[in-house]
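Below is one structure; the comments refer to it alone.
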Amino acid sequence: MAGLVVASAVLKEVLSILKSLVLDEFWLLWGVKKEKDKLQSYLETIEAVLQDAERRQVKEMTVKNWLRKIKAAAHDAEDVLDEFRIEAAGMRKKVGKLFYPPVFRFKMAHKMQKLRKNFEHIAKERSLFHFTVGVADSQPRISRARETCSAVVSEVYGRDTEKANLIDLLTKSESGNEEDLFVIPIVGMGGVGKTTLAQLVYNDKQVVARFELRMWVYVSENFDVGMLLKEILQSAIDGPTEQLSMELLQTRLQKKLSGKRYLLVLDDVWNENRDEWDRLKALLTCGANGSKLLVTTRHDAVAKIMHAVPRSRLGTLSNEESWNLFQKLANPPPMCVAIGQEMVKKCAGLPLAIRTLGRLMSSKETASEWESVRDSELWNSQDNGGRILPTLQLSYDHLIPSLKQCFAYCAVIPKGRSFAKHELFQQWIALGFIHSDEENELLEEKAEGYFNQLLQRSLFQDPKQPSFVEELLWSYLGRKVSCHPKYYKMHDLVHDLARFVAEKECFIVKASMDTVPKETLHLSVQDDKWAREPENLEALKKCQNLRSISTYGHYFVDLNACLSLTRLRVLDLNFIYCLLAKCNRQVETS
């Protein structure tokens, strides 16, 4: 099933453009103020019931389909109004505002009439659903004391025994020879805290002292041996590996590992193909005796094919541990303790679910607010096919519309990828997601506030220091070291939520044969080979609905393919520096 539809944020942007001072002059000039006022009236009529509609879509598919119509129409209106605003500004500079060409006037009148009729039809349909008229969501209240409490709560709770056992396994000497790669698994369901536990032991002083070399690689569903070798080598040398052949990758990695006692963490492994694992293992058995591999996975079968030492699955937190963690995060008022205990039981002992719920409830101060969350239909929602934790959906559901839009956009970030918040700010602003109601408030400050709210609700994870490659990129771009950004990540299940609510608006290219859906608004290119296929570039030119393109590979496209997209607002070439350097050399020699 499709995700939750958020139309209110897009509609707000259209209303903002309609009310803008520059366009007011334009409407008056051409005598189309009456048509504009009608369109604005229909938009405001629809906006008045959107809060109720977005709440009811969880159970009513007809309401969800109506919201989809609104969102699609609002995107069209936004594009048309932006087009007029840009063209009008350009013409004023050339000929003055009293001499607009008749062709432009006719085109504008025709498109405005089409927009008005579309929204008129949509506004009339609202009577079929008997919506409750309500005001827009207010900014979520976050208690200063509770915010501070949430910030200092440890990310790990009730894992002391598991941590001690893992450190013991990692640091004790093993009999055997270097051909026997010692594999230690952390197996458990999503959200139980496998990666967090692995990070704890990875950074423990005893473990750091034990190994000459430590490496961490995020794997996920795609178990490509060549790509994994590249990632492992990058982690080992803490630097770029260039474009190396498979043979050179093997040679360099084995040279780096040879004679060293190393620890390698493979995070979030899904591969159950024994042949693929055997290929990788053969290339890793070159370290000194005592080298070890720590693997996090959701499936026992993965640990079995890797010949990992037998270990029980990482269990959930006990009722007492769950409640203690929730209490520290939510600080429930006395009259809400019983309600909180009911909700914590629904989290089934999953730390991610408890943290998310606790941080959501830290902004609720009355019994009615707590009861509203406890009685939400999202606890029993089957719309996501069981893929998304109800607590994550609840946390998302309680965001204001514009913040929901910002979060959904994060679906373009590849799973497991780190990102700098300042770059996300720039993209949110360029896409029109950030609005400021205060005259002196900078959009960057508003974006920072949005980001912090997502961070406080555990939808983003704590920052890490930039890697050598990221530092190198910033130096290449001429940025000061003191300005280097902090990097953040999303938990896999949170990323699944973003993909779920974004529906088909966000698409990530992962393979050279991927086809971009026509509904895509935001495109992320992760596969280096995709952009080298001429047919893909031709297909890209036809994706006229695209509003953003982000690259996560070393090579990308002929820029003409991007610049032909008239609705494009964001073109993020953050990882194109290798190609740009290559182009510069070609220019110098031509």
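Residues in the structure tokens are numbered from 1 in each chain, the chains being A, B, ... in the order shown, and ligands are numbered from 1 in the order shown.
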
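Backbone DSSP of stretch 272-480 of chain A yields strand (DSSP E) at Lys292, Leu293, Leu294, Val295, Thr296, Thr297, Phe419, Ala420, Gln461, Asp462, Pro463 and Lys464 of chain A.
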
A:Asp375: which residues within 12 Å, counting only C-alpha atoms, same-chain residues fewer than 6 positions away excluded, as JSON, numbers by chain? {"A": [339, 340, 342, 343, 346, 368, 369, 381, 394]}

Kindly save the residues from that selection, with N, CA and C atoms included, as a compact mmCIF listing (two decimals), in the first residue's frame.
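So selection04.txt came out as:
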# COMPACT_ATOMS: atom_id res chain seq x y z
N ILE A 339 -1.19 5.81 31.32
CA ILE A 339 -1.32 5.87 29.85
C ILE A 339 0.01 5.54 29.20
N GLY A 340 1.10 6.10 29.76
CA GLY A 340 2.43 5.83 29.22
C GLY A 340 2.80 4.36 29.30
N GLU A 342 0.78 1.84 29.17
CA GLU A 342 0.05 1.13 28.13
C GLU A 342 0.77 1.24 26.79
N MET A 343 1.25 2.43 26.47
CA MET A 343 1.91 2.65 25.18
C MET A 343 3.25 1.95 25.12
N LYS A 346 3.18 -1.53 23.97
CA LYS A 346 2.99 -1.69 22.53
C LYS A 346 4.31 -1.59 21.77
N SER A 368 -5.29 14.64 27.87
CA SER A 368 -5.99 14.47 26.59
C SER A 368 -5.02 14.25 25.44
N GLU A 369 -3.86 14.92 25.48
CA GLU A 369 -2.85 14.71 24.43
C GLU A 369 -2.28 13.30 24.52
N SER A 381 -2.53 0.19 12.28
CA SER A 381 -2.56 0.38 10.83
C SER A 381 -1.85 -0.76 10.11
N LEU A 394 3.70 7.23 14.26
CA LEU A 394 3.11 8.19 15.20
C LEU A 394 3.97 9.44 15.31

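Between A:Leu352 and the residues A:Asn545, A:Ser512, A:Ser220, A:Ser322, the shortest atom-to-atom distance, using only C-alpha atoms, involves A:Ser322.
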
So that I can see what lies close to stretch 520-522 of chain A, please list as a PyMOL selection string the residues with an atom at most 12 Å from it, counting only C-alpha atoms and leaving out residues fewer than 6 positions away in the same chain. chain A and resi 72+75-76+408-413+427-428+431+499+502-509+540+542-551+565+567-572

Choose the residue, out of A:Ala308, A:Leu317, A:Ala73, A:Val63, that has the smallest atom-to-atom separation from A:Glu162; count only C-alpha atoms.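 Between A:Ala308, A:Leu317, A:Ala73, A:Val63, the residue approaching A:Glu162 most closely is A:Leu317.
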
DSSP helix (DSSP H, G or I) selection over stretch 251-303 of chain A, as a list of chain:residue names: A:Thr251, A:Arg252, A:Leu253, A:Gln254, A:Lys255, A:Lys256, A:Leu257, A:Arg274, A:Asp275, A:Glu276, A:Trp277, A:Asp278, A:Arg279, A:Leu280, A:Lys281, A:Ala282, A:Leu283, A:Leu284, A:Asp300, A:Ala301, A:Val302, A:Ala303

I'd like to know which of A:Tyr262, A:Gly188, A:Ser235, A:Gln393 is closest to A:His299, using only C-alpha atoms.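 Checking each of A:Tyr262, A:Gly188, A:Ser235, A:Gln393 against A:His299, counting only C-alpha atoms, the winner is A:Gly188.
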
Can you tell me, as a PyMOL selection string, what residues are no more than 8 Å from A:Lys404 when counting only C-alpha atoms, ignoring any on the same chain fewer than 6 positions away? chain A and resi 6+396-397

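Shell of A:Val302 at 8 Å, with only C-alpha atoms counted and residues fewer than 6 places along the chain excluded, is Val269, Trp270, Asn271 and Glu272 of chain A.
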
What does the file look like for those residues with N, CA and C atoms, as a short mmCIF file (atom, residue, chain, number, x, y, z; two decimals), in the first residue's frame?
data_model
loop_
_atom_site.label_atom_id
_atom_site.label_comp_id
_atom_site.auth_asym_id
_atom_site.auth_seq_id
_atom_site.Cartn_x
_atom_site.Cartn_y
_atom_site.Cartn_z
N VAL A 269 24.02 -7.06 7.41
CA VAL A 269 24.24 -8.02 6.33
C VAL A 269 22.96 -8.82 6.08
N TRP A 270 22.59 -8.94 4.80
CA TRP A 270 21.38 -9.69 4.42
C TRP A 270 21.71 -10.91 3.56
N ASN A 271 22.92 -10.97 3.02
CA ASN A 271 23.27 -12.01 2.06
C ASN A 271 23.17 -13.42 2.64
N GLU A 272 22.43 -14.30 1.97
CA GLU A 272 22.34 -15.71 2.37
C GLU A 272 22.92 -16.63 1.31
#

Show me, as a list in words, the residues that have an atom within 7 Å of stretch 333-337 of chain A when counting only C-alpha atoms, minus same-chain residues fewer than 2 positions from it.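 In the requested format, the answer is Asn331, Ile339, Gly340, Gln341, Glu365, Ala367 and Trp370 of chain A.
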
Residue subset to file, keeping N, CA and C atoms, as a PDB file, in the first residue's frame:
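The resulting file, selection24.pdb, is shown below:
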ATOM      1  N   ASN A 331       9.474  11.893  30.601  1.00  0.00           N
ATOM      2  CA  ASN A 331       9.156  12.572  31.853  1.00  0.00           C
ATOM      3  C   ASN A 331       7.651  12.769  31.996  1.00  0.00           C
ATOM      4  N   ILE A 339      -1.192   5.813  31.316  1.00  0.00           N
ATOM      5  CA  ILE A 339      -1.324   5.868  29.848  1.00  0.00           C
ATOM      6  C   ILE A 339       0.015   5.543  29.204  1.00  0.00           C
ATOM      7  N   GLY A 340       1.099   6.097  29.757  1.00  0.00           N
ATOM      8  CA  GLY A 340       2.428   5.828  29.220  1.00  0.00           C
ATOM      9  C   GLY A 340       2.798   4.362  29.302  1.00  0.00           C
ATOM     10  N   GLN A 341       2.428   3.708  30.400  1.00  0.00           N
ATOM     11  CA  GLN A 341       2.736   2.288  30.563  1.00  0.00           C
ATOM     12  C   GLN A 341       2.010   1.444  29.515  1.00  0.00           C
ATOM     13  N   GLU A 365       1.754  17.532  27.247  1.00  0.00           N
ATOM     14  CA  GLU A 365       1.692  17.909  28.658  1.00  0.00           C
ATOM     15  C   GLU A 365       0.342  17.654  29.322  1.00  0.00           C
ATOM     16  N   ALA A 367      -3.370  15.244  29.793  1.00  0.00           N
ATOM     17  CA  ALA A 367      -3.882  13.875  29.712  1.00  0.00           C
ATOM     18  C   ALA A 367      -4.578  13.630  28.384  1.00  0.00           C
ATOM     19  N   TRP A 370      -2.030  12.826  25.716  1.00  0.00           N
ATOM     20  CA  TRP A 370      -1.507  11.467  25.889  1.00  0.00           C
ATOM     21  C   TRP A 370      -2.545  10.434  25.459  1.00  0.00           C
TER      22      TRP A 370
END
